[in-house]
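Q: Supplied in structure tokens, the structure appears directly below.
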Amino acid sequence: MNHTTDEIIIHKVLAGDIPAYSELVNRYSSMVFTLAYNIIINREDAEEIAQDVFIKAFTSLRSYKEQSKFATWLYRIVVNTALNKKKLRKLITADITAALTEEESADVYSLLQYERADMKQFVQKAVNVLPDNERICITMYYLNELSVNEISELTGITIANIKVLLHRGRKRLYTKLDELLKTELNDLK
Amino acid sequence: MQEDKQLKELLTKWAVQHPSAGFTSQVMQQVTSAYTSNANTPPLYKQRLLKIVFGLFVIVCIVLLILSFTTPATLLFRFNVKLPASYFSQGFSFLITFWIVMFLNLILKKYPVKTA
């Protein structure tokens with residue numbers, strides 16, 4: 001449904017209805033900002049990148065091919081702009097092939113039991129401590145709802161490596177979150 | 001699969017970051033100014049004009065080629081101006097300087113010099 005609506009808005013904008021573009025900005029601003037933030041880990045830079053992304057997308061809207069989703073096209077601009085800002089050509093993918101270690105870690109079910117007002121702070125803290133490539137893959141997969149193939153296309157990381165990064169990222173995220181919440185509970189006691 | 005769903009739910013609920021309050025209006029301001037500046041700038045040349053000039057050039061070439069086969073070679077005028085030898089060296093230096101400047105310009109455009 002979103003997909004068709006995006007297309008309609010794009011046609012409107014291309015026909016000269018510029019205010020219609022604000023609908024797209026409203027719809028994707030949080031996701032674009034979240035992705036930019038998780039690549040760059042700085043709010044001011046992420047906001048600047050997000051602005052650049054929407055302006056770039058507007059100026060090159062005619063080049064958008066409707067075979068792919070507008071969101072995927074937009075996220076490609078985010079990745080390129082953010083990497084450019086970071087002065088990187090592509091994501092660093094070293095050390096991915098090392099064997100996975102099956103450590104004892106918490107699972108998502110136990111974490112969902114915590115209903116705390118400051119949960120946002122904990123989750124963001126846990127996400128921020130993930131290594132760059134794991135954090136970016138987790139963000140793209142779970143928040144930007146991109147498929148493993150799309151992530152591979154956007155980042156240049158192979159599909160197999162993305163699966164490894166997602167697996168590791170999940171484990172690390174659960175462990176870190178569990179650790180943070182347990183520490184907090186112990187402090188309260 | 002279920003675990004994936006739960007994690008997605010957790011992250012969507014807690015890990016989404018939001019830009020500052022005036023983000024959309026700031027973007028729209030820049031978008032509008034980009035659109036108006038683009039709309040007010042007349043193109044340096046019209047694409048159609050370029051096609052017409054190129055088409056004319058091709059037609060003239062073909063006509064001249066046909067004429068050269070059908071009519072005997074006669075010169076319409078005789079170009080017989082004697083130029084001093086220094087003109088050639090000046091012309092040559094001009095061409096060299098021109099192309100050096102052109103290449104420098106291209107290089108500087110590609111790799112702009114950063115000023116502090």
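A note on labels: chains of the structure tokens are A, B, ... as shown, every chain counts residues from 1, and ligands are counted from 1 in their shown order.
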Quick check: residues of chain B within 9 Å of chain A, only C-alpha atoms, returned as an mmCIF file with C-alpha atoms, in the first residue's frame.
A:
data_model
loop_
_atom_site.group_PDB
_atom_site.id
_atom_site.type_symbol
_atom_site.label_atom_id
_atom_site.label_comp_id
_atom_site.auth_asym_id
_atom_site.auth_seq_id
_atom_site.Cartn_x
_atom_site.Cartn_y
_atom_site.Cartn_z
ATOM 1 C CA GLU B 3 12.347 -14.483 17.775
ATOM 2 C CA ASP B 4 12.997 -12.307 14.736
ATOM 3 C CA LYS B 5 9.526 -10.809 15.032
ATOM 4 C CA GLN B 6 10.009 -10.105 18.716
ATOM 5 C CA LEU B 7 13.366 -8.456 18.145
ATOM 6 C CA LYS B 8 11.901 -6.353 15.359
ATOM 7 C CA GLU B 9 9.132 -5.295 17.726
ATOM 8 C CA LEU B 10 11.646 -4.430 20.441
ATOM 9 C CA LEU B 11 13.845 -2.412 18.104
ATOM 10 C CA THR B 12 10.946 -0.650 16.376
ATOM 11 C CA LYS B 13 9.615 0.344 19.771
ATOM 12 C CA TRP B 14 12.878 1.497 21.316
ATOM 13 C CA ALA B 15 15.648 1.950 18.768
ATOM 14 C CA VAL B 16 14.082 4.284 16.197
ATOM 15 C CA GLN B 17 15.708 7.704 16.292
ATOM 16 C CA HIS B 18 13.803 10.845 15.408
ATOM 17 C CA PRO B 19 15.221 14.014 13.862
ATOM 18 C CA SER B 20 14.637 17.420 15.429
ATOM 19 C CA PHE B 23 13.254 18.773 10.249
ATOM 20 C CA THR B 24 10.539 18.509 7.573
ATOM 21 C CA SER B 25 10.092 22.274 7.263
ATOM 22 C CA GLN B 26 13.871 22.765 6.977
ATOM 23 C CA VAL B 27 14.086 20.158 4.236
ATOM 24 C CA MET B 28 11.078 21.626 2.418
ATOM 25 C CA GLN B 30 15.791 23.831 0.918
ATOM 26 C CA VAL B 31 13.826 21.753 -1.579
ATOM 27 C CA THR B 32 11.686 24.745 -2.571
ATOM 28 C CA ALA B 34 16.472 24.292 -5.032
ATOM 29 C CA TYR B 35 13.384 23.942 -7.216
#
Q: Near Arg135 in chain A, counting only C-alpha atoms, which residues have an atom at most 9 Å away, once you skip same-chain residues fewer than 5 positions from it, shown as a ChimeraX atom specification?
A: /A:38-39,127-130,140,165-166,169
Q: Please save N, CA and C atoms of the selected residues as a CSV table (one decimal), in the first residue's frame.
A:
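What landed in part08.csv:
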chain,number,residue,atom,x,y,z
A,38,ASN,N,23.0,5.4,12.8
A,38,ASN,CA,23.6,4.1,13.1
A,38,ASN,C,24.9,3.9,12.3
A,39,ILE,N,25.0,4.7,11.2
A,39,ILE,CA,26.3,4.6,10.4
A,39,ILE,C,27.3,5.6,11.0
A,127,VAL,N,22.6,-0.9,21.3
A,127,VAL,CA,22.8,-0.9,19.8
A,127,VAL,C,24.1,-0.1,19.5
A,128,ASN,N,24.3,0.9,20.2
A,128,ASN,CA,25.5,1.8,20.0
A,128,ASN,C,26.8,1.0,20.2
A,129,VAL,N,26.8,0.1,21.2
A,129,VAL,CA,28.1,-0.6,21.5
A,129,VAL,C,28.4,-1.8,20.4
A,130,LEU,N,27.4,-2.0,19.6
A,130,LEU,CA,27.7,-3.1,18.5
A,130,LEU,C,28.8,-2.6,17.6
A,140,MET,N,19.4,-2.0,9.2
A,140,MET,CA,18.8,-2.2,7.9
A,140,MET,C,17.8,-3.3,7.9
A,165,LEU,N,26.8,-11.5,10.2
A,165,LEU,CA,26.8,-10.3,11.0
A,165,LEU,C,25.5,-10.1,11.8
A,166,LEU,N,24.4,-10.5,11.1
A,166,LEU,CA,23.1,-10.5,11.8
A,166,LEU,C,23.0,-11.4,13.0
A,169,GLY,N,25.3,-10.0,15.6
A,169,GLY,CA,24.7,-8.7,16.2
A,169,GLY,C,23.6,-9.0,17.1
Q: Mind listing the helix (DSSP H, G or I) residues of chain B, per DSSP on the backbone, as a PyMOL selection string?
A: chain B and resi 2-14+23-40+47-70+85-110
Q: Please indicate the distance in Å from CA of Lys171 in chain A to CA of Cys137 in chain A, rounded to one decimal place.
A: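 CA of Cys137 in chain A lies 13.3 Å from CA of Lys171 in chain A.
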